[in-house]
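Q: This is data_20.cif (mmCIF, C-alpha atoms and all ligand atoms).
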```cif
data_entry
loop_
_atom_site.label_atom_id
_atom_site.label_comp_id
_atom_site.auth_asym_id
_atom_site.auth_seq_id
_atom_site.Cartn_x
_atom_site.Cartn_y
_atom_site.Cartn_z
CA MET A 7 -17.79 13.54 -20.38
CA THR A 8 -15.16 15.79 -21.97
CA TYR A 9 -12.21 13.91 -23.42
CA ARG A 10 -8.90 15.38 -22.34
CA LYS A 11 -5.97 14.72 -24.59
CA LYS A 12 -2.82 13.71 -22.80
CA LEU A 13 0.48 15.37 -23.59
CA ILE A 14 1.76 12.20 -25.27
CA GLU A 15 -1.02 12.52 -27.87
CA VAL A 16 0.14 15.99 -28.88
CA ALA A 17 3.88 16.53 -28.49
CA LEU A 18 7.03 15.16 -26.84
CA PRO A 19 10.61 16.49 -26.58
CA LEU A 20 11.86 13.48 -28.55
CA GLU A 21 15.40 14.71 -29.14
CA LYS A 22 16.12 15.12 -25.41
CA ILE A 23 14.51 11.76 -24.60
CA LYS A 24 16.59 10.11 -27.31
CA LEU A 25 19.85 11.61 -26.00
CA ALA A 26 19.09 10.61 -22.40
CA SER A 27 18.19 7.07 -23.56
CA ALA A 28 21.45 6.76 -25.49
CA ARG A 29 23.47 7.99 -22.50
CA GLU A 30 21.95 5.29 -20.33
CA LYS A 31 23.60 2.65 -22.53
CA GLU A 32 27.06 4.00 -21.79
CA PRO A 33 29.11 1.43 -19.88
CA PHE A 34 30.19 3.74 -17.04
CA ILE A 35 26.61 4.48 -15.96
CA ARG A 36 26.40 3.14 -12.41
CA ASN A 37 23.53 1.74 -10.34
CA HIS A 38 21.55 0.70 -13.41
CA PRO A 39 19.24 -2.30 -12.91
CA ARG A 40 21.12 -4.12 -15.67
CA ALA A 41 24.00 -4.43 -13.16
CA MET A 42 21.73 -6.80 -11.22
CA HIS A 43 20.53 -8.88 -14.18
CA ILE A 44 20.11 -8.39 -17.87
CA TRP A 45 16.90 -9.36 -19.59
CA TRP A 46 16.03 -9.21 -23.27
CA ALA A 47 15.42 -5.90 -24.96
CA PRO A 48 15.25 -3.66 -21.90
CA ARG A 49 13.59 -0.33 -22.71
CA PRO A 50 15.67 2.71 -21.71
CA LEU A 51 14.46 3.92 -18.33
CA ALA A 52 14.53 7.53 -19.56
CA ALA A 53 12.09 6.71 -22.35
CA CYS A 54 9.79 4.76 -20.00
CA ARG A 55 9.79 7.65 -17.52
CA ALA A 56 9.02 10.25 -20.18
CA VAL A 57 6.30 8.20 -21.83
CA LEU A 58 4.58 7.40 -18.54
CA PHE A 59 4.68 11.04 -17.44
CA ALA A 60 3.36 12.30 -20.77
CA ALA A 61 0.59 9.68 -20.70
CA MET A 62 -0.57 10.91 -17.29
CA VAL A 63 -0.54 14.71 -17.69
CA ASP A 64 -3.06 16.65 -19.74
CA ASP A 65 -2.05 18.53 -22.84
CA PRO A 66 -2.67 22.23 -22.00
CA ASP A 67 -5.11 22.58 -24.95
CA SER A 68 -7.43 20.24 -23.06
CA ASP A 69 -7.02 21.96 -19.72
CA PRO A 70 -9.88 24.40 -18.88
CA GLN A 71 -7.35 26.66 -17.17
CA PHE A 72 -5.97 27.54 -20.62
CA ARG A 73 -9.27 28.54 -22.21
CA LYS A 74 -10.44 32.05 -23.00
CA SER A 75 -13.79 33.33 -21.71
CA ASP A 76 -15.42 32.32 -25.03
CA GLY A 77 -14.32 28.72 -24.42
CA THR A 78 -11.62 28.61 -27.12
CA VAL A 79 -8.04 27.61 -26.34
CA ASP A 80 -5.69 30.41 -25.31
CA VAL A 81 -3.00 29.24 -27.71
CA GLU A 82 -0.26 31.47 -26.33
CA ARG A 83 -0.71 30.49 -22.68
CA ALA A 84 -1.24 26.84 -23.58
CA GLY A 85 1.99 26.90 -25.62
CA MET A 86 3.91 28.36 -22.69
CA ARG A 87 2.52 25.71 -20.42
CA ARG A 88 3.49 22.97 -22.88
CA ALA A 89 7.03 24.37 -22.88
CA GLU A 90 7.07 24.12 -19.07
CA LEU A 91 5.96 20.48 -19.27
CA PHE A 92 8.75 19.84 -21.80
CA ASN A 93 11.24 21.36 -19.35
CA ILE A 94 10.01 18.99 -16.65
CA ILE A 95 10.44 16.02 -19.00
CA GLU A 96 13.92 17.16 -20.00
CA GLU A 97 14.97 17.22 -16.34
CA LEU A 98 13.12 14.02 -15.55
CA VAL A 99 14.92 11.94 -18.17
CA LYS A 100 18.43 12.88 -17.05
CA TRP A 101 20.16 9.87 -15.53
CA GLU A 102 21.58 11.94 -12.65
CA ASN A 103 18.04 12.99 -11.73
CA SER A 104 16.76 9.43 -11.38
CA ASN A 105 16.58 9.83 -7.61
CA ASN A 106 16.33 13.61 -7.45
CA GLU A 107 13.34 14.10 -5.14
CA LYS A 108 12.86 17.73 -6.23
CA VAL A 109 12.49 16.77 -9.89
CA LEU A 110 10.38 13.71 -9.10
CA ASN A 111 8.10 15.67 -6.76
CA GLN A 112 7.50 18.25 -9.46
CA ALA A 113 6.55 15.52 -11.93
CA ARG A 114 4.28 13.83 -9.38
CA ALA A 115 2.59 17.17 -8.60
CA GLU A 116 1.83 17.63 -12.33
CA ILE A 117 0.22 14.19 -12.55
CA ALA A 118 -1.86 14.87 -9.44
CA ALA A 119 -2.92 18.26 -10.86
CA SER A 120 -4.27 16.66 -14.05
CA ILE A 121 -6.23 14.05 -12.11
CA ALA A 122 -7.69 16.56 -9.63
CA SER A 123 -8.60 19.01 -12.40
CA ALA A 124 -10.55 16.33 -14.30
CA LYS A 125 -12.43 15.32 -11.12
CA VAL A 126 -13.45 18.95 -10.49
CA TYR A 127 -14.15 20.36 -13.97
CA ASP A 128 -15.15 17.29 -16.03
CA SER A 129 -16.75 14.62 -13.84
CA LYS A 130 -17.65 17.16 -11.14
CA GLN A 131 -17.02 14.52 -8.47
CA TRP A 132 -15.07 16.93 -6.26
CA SER A 133 -15.31 20.59 -5.30
CA ARG A 134 -12.16 22.72 -5.27
CA HIS A 135 -12.44 23.37 -1.53
CA GLN A 136 -12.81 19.84 -0.24
CA THR A 137 -9.91 18.08 1.42
CA ILE A 138 -8.43 14.96 -0.11
CA CYS A 139 -5.38 13.07 1.22
CA GLY A 140 -4.51 15.80 3.71
CA ASP A 141 -4.66 18.80 1.31
CA SER A 142 -7.30 20.83 -0.50
CA VAL A 143 -8.26 19.83 -4.02
CA TRP A 144 -7.36 23.34 -5.14
CA ASN A 145 -3.83 22.86 -3.81
CA PHE A 146 -3.49 19.73 -5.94
CA ILE A 147 -4.77 21.56 -9.02
CA SER A 148 -2.42 24.50 -8.46
CA ARG A 149 0.59 22.25 -7.62
CA LEU A 150 0.81 23.61 -4.06
CA ALA A 151 0.07 20.38 -2.20
CA LYS A 152 2.73 18.92 0.08
CA PRO A 153 4.84 16.12 -1.48
CA ALA A 154 3.62 13.63 1.15
CA SER A 155 -0.01 14.46 0.26
CA VAL A 156 0.75 14.15 -3.45
CA ASN A 157 2.25 10.69 -2.90
CA GLN A 158 -0.81 9.62 -0.94
CA PHE A 159 -3.07 11.15 -3.59
CA LEU A 160 -1.40 9.29 -6.46
CA ILE A 161 -1.62 5.94 -4.69
CA ALA A 162 -5.32 6.50 -4.01
CA HIS A 163 -6.52 8.26 -7.19
CA ALA A 164 -4.08 7.85 -10.09
CA PRO A 165 -4.74 4.99 -12.49
CA PRO A 166 -2.42 2.05 -11.74
CA VAL A 167 0.08 0.99 -14.40
CA LEU A 168 0.15 -2.62 -15.62
CA ASP A 169 2.81 -4.08 -17.90
CA PRO A 170 1.69 -7.64 -18.69
CA PHE A 171 4.96 -8.34 -20.59
CA CYS A 172 7.20 -6.66 -18.05
CA GLY A 173 10.51 -8.42 -18.85
CA GLY A 174 13.23 -6.73 -16.79
CA GLY A 175 10.62 -4.42 -15.22
CA SER A 176 11.59 -1.04 -16.71
CA ILE A 177 8.02 0.19 -17.05
CA PRO A 178 6.76 -0.82 -13.58
CA LEU A 179 9.98 0.57 -12.06
CA GLU A 180 9.49 3.95 -13.67
CA ALA A 181 5.78 4.01 -12.85
CA GLN A 182 6.71 3.44 -9.23
CA ARG A 183 9.29 6.21 -9.39
CA LEU A 184 6.52 8.59 -10.51
CA GLY A 185 4.49 7.61 -7.46
CA LEU A 186 2.04 5.35 -9.30
CA ARG A 187 0.88 1.88 -8.30
CA ALA A 188 2.67 -0.53 -10.59
CA PHE A 189 1.96 -4.11 -11.60
CA GLY A 190 3.88 -6.42 -13.90
CA SER A 191 3.63 -9.98 -15.14
CA ASP A 192 5.57 -12.17 -17.51
CA LEU A 193 5.38 -15.63 -18.98
CA ASN A 194 8.91 -16.41 -17.85
CA PRO A 195 9.78 -16.80 -14.14
CA VAL A 196 13.25 -15.22 -14.56
CA PRO A 197 12.00 -11.70 -15.43
CA VAL A 198 9.30 -12.14 -12.79
CA LEU A 199 12.05 -12.66 -10.20
CA ILE A 200 14.07 -9.71 -11.53
CA THR A 201 11.03 -7.44 -11.42
CA LYS A 202 10.14 -8.59 -7.92
CA ALA A 203 13.66 -7.69 -6.77
CA LEU A 204 13.31 -4.36 -8.52
CA ILE A 205 9.86 -3.14 -7.54
CA GLU A 206 8.25 -5.46 -5.00
CA ILE A 207 10.93 -6.14 -2.39
CA PRO A 208 12.56 -2.68 -1.99
CA PRO A 209 9.31 -0.87 -1.06
CA LYS A 210 8.77 -3.36 1.78
CA PHE A 211 11.96 -2.03 3.37
CA ALA A 212 11.46 1.62 2.40
CA GLY A 213 12.77 4.01 5.05
CA LYS A 214 13.96 1.15 7.26
CA ALA A 215 17.37 1.03 8.89
CA PRO A 216 19.66 -1.87 7.95
CA VAL A 217 19.75 -4.82 10.34
CA ASN A 218 23.48 -5.53 10.14
CA PRO A 219 25.35 -4.62 13.33
CA GLU A 220 27.79 -2.15 11.75
CA SER A 221 25.77 0.08 9.43
CA ASN A 222 22.99 0.36 11.97
CA MET A 223 25.28 2.49 14.12
CA ARG A 224 25.64 5.16 11.42
CA LEU A 225 22.30 6.91 11.55
CA GLU A 226 23.02 10.61 11.16
CA ASP A 227 20.29 11.63 8.69
CA GLY A 228 18.11 8.56 8.96
CA TRP A 229 17.57 6.02 6.19
CA THR A 230 15.43 6.96 3.23
CA GLY A 231 14.06 4.85 0.39
CA ALA A 232 15.88 1.57 -0.06
CA GLN A 233 19.17 2.87 1.44
CA GLY A 234 18.92 0.56 4.48
CA LEU A 235 18.22 -2.48 2.32
CA ALA A 236 21.07 -1.58 -0.04
CA GLU A 237 23.43 -1.25 2.92
CA ASP A 238 22.44 -4.72 4.15
CA VAL A 239 22.87 -6.25 0.69
CA ARG A 240 26.36 -4.70 0.49
CA TYR A 241 27.29 -5.78 4.02
CA TYR A 242 26.07 -9.37 3.82
CA GLY A 243 27.33 -9.76 0.25
CA GLN A 244 30.78 -8.84 1.51
CA TRP A 245 30.31 -11.12 4.53
CA MET A 246 29.56 -14.10 2.31
CA ARG A 247 32.52 -13.39 0.05
CA THR A 248 35.08 -12.97 2.81
CA PRO A 249 35.81 -16.64 3.66
CA LEU A 250 36.13 -17.75 0.04
CA PRO A 251 39.79 -16.83 -0.57
CA LEU A 252 40.63 -18.86 2.53
CA VAL A 253 39.62 -22.03 0.73
CA VAL A 254 43.03 -21.94 -0.88
CA LEU A 255 44.67 -22.19 2.48
CA VAL A 256 43.61 -25.75 3.11
CA LEU A 257 45.76 -26.83 0.24
CA SER A 258 48.75 -26.18 2.46
CA GLN A 259 47.83 -29.46 4.21
CA THR A 260 50.51 -31.05 2.18
CA SER A 261 53.56 -29.74 0.50
CA GLN A 262 53.28 -32.69 -1.86
CA PRO A 263 50.87 -33.00 -4.76
CA CYS A 264 48.19 -35.39 -3.55
CA LYS A 265 45.51 -37.69 -4.84
CA GLY A 266 43.28 -37.03 -1.87
CA ARG A 267 40.32 -34.76 -1.75
CA ALA A 268 39.48 -32.07 0.74
CA ALA A 269 36.16 -30.42 1.34
CA ALA A 270 35.14 -27.43 3.38
CA ARG A 271 31.68 -26.64 4.60
CA CYS A 272 30.79 -23.15 5.62
CA GLN A 273 29.41 -23.19 9.16
CA ARG A 274 27.81 -19.81 8.67
CA ILE A 275 25.57 -21.21 5.97
CA PRO A 276 24.88 -24.73 7.24
CA ARG A 277 22.75 -25.79 4.32
CA ALA A 278 25.27 -24.71 1.68
CA ALA A 279 26.89 -27.59 -0.18
CA PRO A 280 30.47 -28.40 0.84
CA VAL A 281 33.08 -26.86 -1.41
CA SER A 282 35.32 -29.43 -3.02
CA LEU A 283 38.73 -27.95 -2.60
CA ALA A 284 41.12 -29.86 -4.71
CA ARG A 285 41.76 -33.07 -6.49
CA GLY A 286 44.91 -34.77 -7.68
CA ARG A 287 47.49 -32.45 -9.14
CA GLN A 288 45.44 -29.34 -8.42
CA CYS A 289 46.37 -29.88 -4.81
CA ARG A 290 49.95 -28.82 -5.45
CA ASN A 291 50.31 -25.83 -3.20
CA SER A 292 53.06 -25.39 -0.70
CA ALA A 293 53.25 -21.64 -0.72
CA VAL A 294 50.75 -21.00 2.05
CA SER A 295 51.84 -21.87 5.52
CA THR A 296 48.47 -21.58 7.25
CA GLY A 297 46.51 -24.79 7.62
CA PRO A 298 42.87 -25.74 8.06
CA SER A 299 42.84 -24.57 11.66
CA ARG A 300 42.69 -21.00 10.37
CA LEU A 301 39.85 -21.91 8.07
CA THR A 302 38.00 -23.40 11.01
CA ARG A 303 38.46 -20.22 13.01
CA CYS A 304 36.98 -18.29 10.09
CA GLY A 305 33.88 -20.45 10.09
CA TRP A 306 34.90 -23.15 7.62
CA ASP A 307 34.50 -26.72 8.75
CA VAL A 308 37.26 -28.58 6.96
CA THR A 309 37.16 -32.29 6.23
CA LEU A 310 39.98 -34.09 4.54
CA HIS A 311 38.59 -37.04 2.65
CA ALA A 312 41.99 -38.64 2.42
CA SER A 313 44.09 -38.98 5.52
CA PRO A 314 47.51 -37.32 5.25
CA LYS A 315 49.08 -40.78 5.27
CA ARG A 316 47.21 -41.76 2.15
CA LEU A 317 48.26 -38.64 0.28
CA SER A 318 50.84 -39.88 -2.11
CA SER A 319 53.36 -38.16 -4.27
CA THR A 320 53.05 -38.32 -8.00
C1 LIG B 1 11.10 -7.46 -24.74
S1 LIG B 1 10.72 -8.21 -23.24
C2 LIG B 1 10.09 -6.86 -22.34
C3 LIG B 1 11.18 -5.95 -21.87
C4 LIG B 1 10.68 -4.88 -20.92
N1 LIG B 1 9.77 -3.98 -21.56
C5 LIG B 1 11.85 -4.12 -20.31
O1 LIG B 1 12.02 -2.93 -20.60
O2 LIG B 1 12.60 -4.71 -19.53
C6 LIG B 1 9.22 -9.08 -23.67
C7 LIG B 1 8.75 -9.98 -22.56
O3 LIG B 1 7.47 -10.50 -22.91
C8 LIG B 1 7.36 -11.79 -22.33
N2 LIG B 1 6.27 -12.52 -22.99
C9 LIG B 1 6.19 -12.97 -24.26
N3 LIG B 1 5.01 -13.55 -24.49
C10 LIG B 1 4.29 -13.46 -23.35
C11 LIG B 1 2.99 -13.85 -22.96
N4 LIG B 1 2.17 -14.49 -23.79
N5 LIG B 1 2.58 -13.56 -21.70
C12 LIG B 1 3.40 -12.91 -20.84
N6 LIG B 1 4.64 -12.51 -21.15
C13 LIG B 1 5.10 -12.78 -22.38
C14 LIG B 1 8.73 -12.39 -22.55
O4 LIG B 1 8.99 -13.44 -21.61
C15 LIG B 1 9.66 -11.18 -22.34
O5 LIG B 1 10.17 -11.14 -21.03
#
```
Here is the file; what I need is its structure written in the form of structure tokens.
A:
Amino acid sequence: MTYRKKLIEVALPLEKIKLASAREKEPFIRNHPRAMHIWWAPRPLAACRAVLFAAMVDDPDSDPQFRKSDGTVDVERAGMRRAELFNIIEELVKWENSNNEKVLNQARAEIAASIASAKVYDSKQWSRHQTICGDSVWNFISRLAKPASVNQFLIAHAPPVLDPFCGGGSIPLEAQRLGLRAFGSDLNPVPVLITKALIEIPPKFAGKAPVNPESNMRLEDGWTGAQGLAEDVRYYGQWMRTPLPLVVLVLSQTSQPCKGRAAARCQRIPRAAPVSLARGRQCRNSAVSTGPSRLTRCGWDVTLHASPKRLSST
């Protein structure tokens, strides 16, 4: 069988990849996975994305579409095609394009084209006119297939990506972004958990509406990708944080410093450990006039471990 060189074996726009990778390290970059958890030596996502793409698409010198009738490479046309692939990479690595469906769809279509072309011209497994994943093979080769068909095609026919030392999951994450099946493993359970949160859990909720009662109402354009899940994480994260400042309020039980101890248990999360509120001198707080009754209304079950009578002044 003919060996097709991949783009990564021939050339890469290294300067642009380097700049995009450096930009990703800037502190004001938002929505980066490192905001969730940092793991050792994370690879820049831009570099992972570029390398994966270039490892999946054929170099034009190996593509029969860029051969002359005598079988030799049409250097001029192949060079122009390589420049087009470089342009795609340069767009792909930009941080602001991380979720740009137009750019991602173009990259996915290129990967599908390389796979379909090899199946037709090299292994001769497929004919150009047969239908695969809802589109004709020729449409995949000529990058005319519908994005939904390309996604289906990549899941079914692209080689899966495995990173056996996945750490914080940069490589599986980017493989998934390019529409590929991605697998990761690691010796350490912490990066395994991080990678699960990054690439295994979100797809299970892809396109689903959030379950919280407020966001669910706002459904103008529908929920795409992990938007619904992200909305729930934001909503319930806020929900869990809300009662915490109220813990201070119980200290108004006494205007005197006390030796007693107070504890509050959150009724919303029955299995959560009680929060120990104060001890000894730390209990000095007379500024807040609201007592435990307000905490109770907010879902905190307040227990004073020392009766007010036993609270003594120091
Ligand atoms: C540098 S980190 C990988 C970072 C990752 N490429 C990223 O971009 O987030 C290397 C990982 O290899 C893992 N590791 C080391 N030895 C291993 C082994 N024998 N089997 C599986 N994982 C291993 C470590 O736990 C560590 O998480």
Q: Mind dumping a table of every chain A residue within 10 Å of ligand LIG 1 (chain B), with the nearest atom pair and its distance in Å to one decimal, using all atoms listed in the file, sorted by chain and rising number, as a Markdown table?
A:
```
| residue | atom | partner | partner_atom | distance |
| --- | --- | --- | --- | --- |
| A:Pro39 | CA | B:LIG1 | O2 | 9.7 |
| A:Arg40 | CA | B:LIG1 | O2 | 9.4 |
| A:Ile44 | CA | B:LIG1 | O2 | 8.5 |
| A:Trp45 | CA | B:LIG1 | O2 | 6.3 |
| A:Trp46 | CA | B:LIG1 | S1 | 5.4 |
| A:Ala47 | CA | B:LIG1 | C1 | 4.6 |
| A:Pro48 | CA | B:LIG1 | O1 | 3.6 |
| A:Arg49 | CA | B:LIG1 | O1 | 3.7 |
| A:Pro50 | CA | B:LIG1 | O1 | 6.8 |
| A:Leu51 | CA | B:LIG1 | O1 | 7.6 |
| A:Ala53 | CA | B:LIG1 | O1 | 9.8 |
| A:Cys54 | CA | B:LIG1 | O1 | 8.0 |
| A:Asp169 | CA | B:LIG1 | N1 | 7.9 |
| A:Pro170 | CA | B:LIG1 | C12 | 5.9 |
| A:Phe171 | CA | B:LIG1 | O3 | 4.0 |
| A:Cys172 | CA | B:LIG1 | C4 | 4.8 |
| A:Gly173 | CA | B:LIG1 | O5 | 3.5 |
| A:Gly174 | CA | B:LIG1 | O2 | 3.5 |
| A:Gly175 | CA | B:LIG1 | O2 | 4.8 |
| A:Ser176 | CA | B:LIG1 | O1 | 4.3 |
| A:Ile177 | CA | B:LIG1 | O1 | 6.2 |
| A:Pro178 | CA | B:LIG1 | O1 | 9.0 |
| A:Leu179 | CA | B:LIG1 | O1 | 9.5 |
| A:Gly190 | CA | B:LIG1 | N6 | 9.5 |
| A:Ser191 | CA | B:LIG1 | C12 | 6.4 |
| A:Asp192 | CA | B:LIG1 | N6 | 3.8 |
| A:Leu193 | CA | B:LIG1 | C12 | 3.8 |
| A:Asn194 | CA | B:LIG1 | O4 | 4.8 |
| A:Pro195 | CA | B:LIG1 | O4 | 8.2 |
| A:Val196 | CA | B:LIG1 | O5 | 8.2 |
| A:Pro197 | CA | B:LIG1 | O5 | 5.9 |
| A:Val198 | CA | B:LIG1 | O5 | 8.3 |
| A:Ile200 | CA | B:LIG1 | O2 | 9.5 |
| A:Thr201 | CA | B:LIG1 | O2 | 8.7 |
```
Q: Report the distance between atom CA of Val167 of chain A and atom CA of Phe189 of chain A in Å, rounded to one decimal place.
A: 6.1 Å
Q: Between atom CA of Ala119 of chain A and atom CA of Phe159 of chain A, what is the spacing in Å?
A: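 Value for the atom CA of Phe159 of chain A-atom CA of Ala119 of chain A distance: 10.2 Å.
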Q: Would you kindly return, as an mmCIF file with C-alpha atoms, keeping the file's coordinate frame, each protein, DNA or RNA residue with an atom no farther than 9 Å from any atom of segment 80-87 of chain A, considering all atoms listed in the file and excluding same-chain residues fewer than 3 positions away?
A:
```
data_model
loop_
_atom_site.group_PDB
_atom_site.id
_atom_site.type_symbol
_atom_site.label_atom_id
_atom_site.label_comp_id
_atom_site.auth_asym_id
_atom_site.auth_seq_id
_atom_site.Cartn_x
_atom_site.Cartn_y
_atom_site.Cartn_z
ATOM 1 C CA ASP A 65 -2.050 18.530 -22.840
ATOM 2 C CA PRO A 66 -2.670 22.230 -22.000
ATOM 3 C CA ASP A 67 -5.110 22.580 -24.950
ATOM 4 C CA ASP A 69 -7.020 21.960 -19.720
ATOM 5 C CA GLN A 71 -7.350 26.660 -17.170
ATOM 6 C CA PHE A 72 -5.970 27.540 -20.620
ATOM 7 C CA ARG A 73 -9.270 28.540 -22.210
ATOM 8 C CA LYS A 74 -10.440 32.050 -23.000
ATOM 9 C CA GLY A 77 -14.320 28.720 -24.420
ATOM 10 C CA GLU A 90 7.070 24.120 -19.070
ATOM 11 C CA LEU A 91 5.960 20.480 -19.270
ATOM 12 C CA PHE A 92 8.750 19.840 -21.800
#
```
Q: Between A:Asn37, A:Ser129, A:Gln233, A:Gln244, single out the one closest to Glu102 of chain A, counting only C-alpha atoms.
A: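 Of A:Asn37, A:Ser129, A:Gln233, A:Gln244, the one nearest Glu102 of chain A, counting only C-alpha atoms, is A:Asn37.
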Q: Find the residues near segment 208-221 of chain A: any atom within 10 Å, counting only C-alpha atoms, skip ones fewer than 5 places away on the same chain, and give them as a ChimeraX atom specification.
A: /A:182,202-203,228-239,241-242
